[in-house]
Amino acid sequence: MSLALPGRWVRPDVPGLLRRHWPLLPLAATVLFLLAPLPAGDATASGKVGPADAASLLLVLVCALQALRGRVRELTPLGVLVLGAPAVGLAVATMTAGDPYAALPGFVRYLQVFVLVPAAVVLLVQDAAEFRLAAGCFVVLALVQGAVGVVQYATHTGASYQGEDVRAVGTFGPGDVMGMATVVAYGLIVATAAGLAPGLPRRLRRIAGGCALVLVLPLVLSFSRGAWIATLGAAVLVMALAGIRRALKVVATLAAAGVVLVGGFGVGSEMVAERLTSITQVSSAPDQSVTDRYTMWAAAESMWRERPAVGVGLKGFPANRDGHASLGLSSGSDTAGAGQAYLRQPLLSPHNMYLLILSEQGLIGLLALVGGWAALLVAGLRRLASGGGVRDCGLIAIGLFVWQLTDFLYADIGGPSTVLTGVIIGLAAWWALPSREAGPLGGAAAGTEAFAGVGSRGRAPGVAARP
């Protein structure tokens with residue numbers, strides 16, 4: 001097998017590539033281990049440590065080992081501040097909680113997702129080739145989970161929705177109905193960005209565009225309103241950043257696919273229409289899930305007003321919910337199907353990440369976390385607008401990050417796919433915060449080497465660096 005470069009052919013050295021890029025194996029495992037199914041009938045398994053979390057721990061350990069050997073990227077002071085500030089806010093929220101011992105598991109989880117995993121990704125990913133490898137894992141995960149979801153809809157073996165077992169949930173089960181929608185949306189955004197990115201080979205762009213088109217179907221069949229909104233917003237931004245002409249082509253293609261799938265074949269047409277209509281019915285005739293969501297939002301705001309600086313403490317929302325929520329809140333949400341018997345799950349979070357942070361960590365935690373995210377977004381957009389670095393990496397990083405920030409308006413962390421949030425923040429920080437040693441092109445040369453199967457950890461025998 002050989003890969004083409006302008007004017008020459010290079011046969012990649014696979015064993016050599018594995019030796020040079022072995023630190024990325026835990027990163028790939030963190031993403032791809034989410035293909036492992038949850039135990040059937042265990043709706044609470046989404047809150048437990050899974051294979052992907054174990055892989056993320058290995059990722060952090062490998063990063064520490066490489067740092068001791070001096071083989072990681074060197075961060076600027078701004079990068080250290082943005083990546084490290086959340087740890088301070090988390091420590092304050094834990095120490096000031098009513099029960100610090102009860103808050104300790106929350107501290108560990110937040111530290112994993114918002115500090116350790118992002119830092120490990122930033123430090124270990126050396127160049128555009130390795131960035132693309134990590135992004136490609138998202139597409140593989142999305143395609144497999146999406147395929148499982150489509151089969152679930154077609155065979156009525158999915159999660160229960162409107163009395164039918166048709167909701168596509170992949171291997172995550174009905175206890176985590178957002179899991180498949182989340183990972184499919186990640187893959188769709190990566191594929192869309194790669195399909196629109198200038199500089200990538202035309203064949204690769206076509207394959208990426210085809211993957212994006214295929215992933216629309218399982219995303220629709222997830223019946224997840226929040227994932228639909230976040231995906232639409234992120235995809236529109238990516239298309240706008242890639243160029244209006246390219247964006248119009250993609251919009252026309254997706255519109256045609258939607259007409260064929262929903263209008264022509266009638267794929268979930270009535271359910272999709274009902275779900276879309278419910279988005280606008282937030283005041284006139286909201287369903288119970290919308291009522292519960294707004295009730296919990298009000299409860300989170302009430303908790304923050306009680307302790308505006310530090311909040312009620314990590315993991316404090318469930319304990320304080322009933323004292324701040326109105327009588328309109330239901331006892332829980334119904335889950336069934338996909339191999340699980342009927343079970344009522346309690347509502348333990350406000351389903352809004354920003355309000356969850358505000359209620360549990362107060363203004364100190366909100367400033368440390370959300371302030372850092374805002375800084376990463378602004379820096380990433382500025383770098384993309386300036387033309388620095390490799391454009392496809394920028395489109396992928398910004399697209400994924402904007403999806404996550406938008407989804408946080410309707411969801412918060414929880415479930416096995418939570419660990420991917422840390423990976424996405426890390427990829428966004430990798431793009432927004434170039435290392436000290438990055439040249440004026442911000443890694444463009446390394447990105448060119450990606451098609452030869454080499455990277456900054458070493459070069460293939462007989463291949464000289466491209467200027």
# chains A, B, ... in the order shown; residues from 1 in each chain; ligands from 1
call {"tool": "select_by_dssp", "arguments": {"residues": "range 94-221 of chain A", "states": "helix (DSSP H, G or I)", "output": "PyMOL selection string"}}
result
chain A and resi 94-95+100-124+128-155+170-172+174-196+202-221
call {"tool": "closest_residue", "arguments": {"among": "A:Pro105, A:Pro86, A:Gly210, A:Pro218", "to": "Gly158 in chain A", "atoms": "only C-alpha atoms"}}
result
A:Pro218
call {"tool": "select_by_dssp", "arguments": {"residues": "range 2-208 of chain A", "states": "strand (DSSP E)", "output": "list in words"}}
result
Leu3, Ala4, Leu5, Arg8, Trp9, Val10, Ala159, Ser160, Tyr161, Glu164, Asp165, Val166 and Arg167 of chain A
call {"tool": "write_last_selection", "arguments": {"atoms": "N, CA, C and O atoms", "output": "mmCIF file, in the first residue's frame"}}
result
data_model
loop_
_atom_site.group_PDB
_atom_site.id
_atom_site.type_symbol
_atom_site.label_atom_id
_atom_site.label_comp_id
_atom_site.auth_asym_id
_atom_site.auth_seq_id
_atom_site.Cartn_x
_atom_site.Cartn_y
_atom_site.Cartn_z
ATOM 1 N N LEU A 3 0.910 5.763 -0.494
ATOM 2 C CA LEU A 3 0.139 6.998 -0.477
ATOM 3 C C LEU A 3 0.779 7.989 -1.428
ATOM 4 O O LEU A 3 1.996 8.050 -1.571
ATOM 5 N N ALA A 4 -0.065 8.782 -2.067
ATOM 6 C CA ALA A 4 0.435 9.715 -3.071
ATOM 7 C C ALA A 4 0.752 11.057 -2.456
ATOM 8 O O ALA A 4 0.026 11.561 -1.617
ATOM 9 N N LEU A 5 1.832 11.642 -2.882
ATOM 10 C CA LEU A 5 2.186 13.022 -2.622
ATOM 11 C C LEU A 5 2.432 13.685 -3.971
ATOM 12 O O LEU A 5 2.704 12.999 -4.958
ATOM 13 N N ARG A 8 5.435 12.334 -6.152
ATOM 14 C CA ARG A 8 6.160 11.164 -5.693
ATOM 15 C C ARG A 8 5.225 10.206 -4.958
ATOM 16 O O ARG A 8 4.139 10.559 -4.538
ATOM 17 N N TRP A 9 5.683 8.997 -4.776
ATOM 18 C CA TRP A 9 4.941 7.975 -4.032
ATOM 19 C C TRP A 9 5.798 7.540 -2.857
ATOM 20 O O TRP A 9 7.013 7.393 -2.966
ATOM 21 N N VAL A 10 5.166 7.358 -1.728
ATOM 22 C CA VAL A 10 5.878 6.973 -0.519
ATOM 23 C C VAL A 10 5.168 5.769 0.091
ATOM 24 O O VAL A 10 3.949 5.776 0.248
ATOM 25 N N ALA A 159 -34.800 2.178 21.951
ATOM 26 C CA ALA A 159 -35.417 2.643 23.188
ATOM 27 C C ALA A 159 -36.863 3.035 22.922
ATOM 28 O O ALA A 159 -37.247 3.364 21.790
ATOM 29 N N SER A 160 -37.656 3.029 23.961
ATOM 30 C CA SER A 160 -39.076 3.343 23.823
ATOM 31 C C SER A 160 -39.275 4.823 23.526
ATOM 32 O O SER A 160 -38.679 5.689 24.180
ATOM 33 N N TYR A 161 -40.113 5.098 22.527
ATOM 34 C CA TYR A 161 -40.443 6.478 22.177
ATOM 35 C C TYR A 161 -41.871 6.494 21.635
ATOM 36 O O TYR A 161 -42.172 5.816 20.659
ATOM 37 N N GLU A 164 -43.405 3.080 21.119
ATOM 38 C CA GLU A 164 -42.750 2.143 20.217
ATOM 39 C C GLU A 164 -41.257 2.099 20.516
ATOM 40 O O GLU A 164 -40.652 3.120 20.850
ATOM 41 N N ASP A 165 -40.645 0.934 20.362
ATOM 42 C CA ASP A 165 -39.202 0.775 20.600
ATOM 43 C C ASP A 165 -38.429 1.123 19.331
ATOM 44 O O ASP A 165 -37.826 0.264 18.676
ATOM 45 N N VAL A 166 -38.429 2.416 18.987
ATOM 46 C CA VAL A 166 -37.839 2.846 17.717
ATOM 47 C C VAL A 166 -36.750 3.897 17.890
ATOM 48 O O VAL A 166 -36.130 4.300 16.904
ATOM 49 N N ARG A 167 -36.493 4.339 19.086
ATOM 50 C CA ARG A 167 -35.506 5.413 19.255
ATOM 51 C C ARG A 167 -34.103 4.845 19.157
ATOM 52 O O ARG A 167 -33.717 3.927 19.897
#
call {"tool": "closest_atom_pairs", "arguments": {"of": "range 129-190 of chain A", "to": "range 391-406 of chain A", "cutoff": "12 Å", "atoms": "only C-alpha atoms", "output": "JSON lines"}}
result
{"residue": "A:Ala129", "atom": "CA", "partner": "A:Cys393", "partner_atom": "CA", "distance": 9.4}
{"residue": "A:Glu130", "atom": "CA", "partner": "A:Cys393", "partner_atom": "CA", "distance": 10.3}
{"residue": "A:Phe131", "atom": "CA", "partner": "A:Cys393", "partner_atom": "CA", "distance": 7.0}
{"residue": "A:Arg132", "atom": "CA", "partner": "A:Cys393", "partner_atom": "CA", "distance": 7.1}
{"residue": "A:Leu133", "atom": "CA", "partner": "A:Cys393", "partner_atom": "CA", "distance": 10.7}
{"residue": "A:Ala134", "atom": "CA", "partner": "A:Cys393", "partner_atom": "CA", "distance": 10.7}
{"residue": "A:Ala135", "atom": "CA", "partner": "A:Ile396", "partner_atom": "CA", "distance": 7.7}
{"residue": "A:Gly136", "atom": "CA", "partner": "A:Ile396", "partner_atom": "CA", "distance": 10.4}
{"residue": "A:Phe138", "atom": "CA", "partner": "A:Leu400", "partner_atom": "CA", "distance": 10.4}
{"residue": "A:Val139", "atom": "CA", "partner": "A:Ile396", "partner_atom": "CA", "distance": 11.5}
{"residue": "A:Thr182", "atom": "CA", "partner": "A:Gln404", "partner_atom": "CA", "distance": 9.2}
{"residue": "A:Val183", "atom": "CA", "partner": "A:Leu400", "partner_atom": "CA", "distance": 10.8}
{"residue": "A:Val184", "atom": "CA", "partner": "A:Leu400", "partner_atom": "CA", "distance": 11.7}
{"residue": "A:Ala185", "atom": "CA", "partner": "A:Trp403", "partner_atom": "CA", "distance": 8.3}
{"residue": "A:Tyr186", "atom": "CA", "partner": "A:Leu400", "partner_atom": "CA", "distance": 6.4}
{"residue": "A:Gly187", "atom": "CA", "partner": "A:Leu400", "partner_atom": "CA", "distance": 9.0}
{"residue": "A:Leu188", "atom": "CA", "partner": "A:Leu400", "partner_atom": "CA", "distance": 9.6}
{"residue": "A:Ile189", "atom": "CA", "partner": "A:Gly399", "partner_atom": "CA", "distance": 6.2}
{"residue": "A:Val190", "atom": "CA", "partner": "A:Ile396", "partner_atom": "CA", "distance": 5.4}
call {"tool": "closest_residue", "arguments": {"among": "A:Val82, A:Leu363, A:Leu221, A:Val150", "to": "Pro308 in chain A", "atoms": "only C-alpha atoms"}}
result
A:Leu363
call {"tool": "residues_around", "arguments": {"residues": "Arg321 in chain A", "least_positions_apart": "6", "cutoff": "9 Å", "atoms": "only C-alpha atoms", "output": "ChimeraX atom specification"}}
result
/A:296,299-300,303,348-349
call {"tool": "write_last_selection", "arguments": {"atoms": "C-alpha atoms", "output": "PDB file, in the first residue's frame"}}
result
ATOM      1  CA  MET A 296     -34.870  22.404  37.045  1.00  0.00           C
ATOM      2  CA  ALA A 299     -34.145  25.434  40.748  1.00  0.00           C
ATOM      3  CA  ALA A 300     -30.515  25.814  39.680  1.00  0.00           C
ATOM      4  CA  MET A 303     -29.475  27.556  44.386  1.00  0.00           C
ATOM      5  CA  LEU A 348     -30.556  14.649  39.134  1.00  0.00           C
ATOM      6  CA  SER A 349     -29.280  17.587  37.062  1.00  0.00           C
TER       7      SER A 349
END
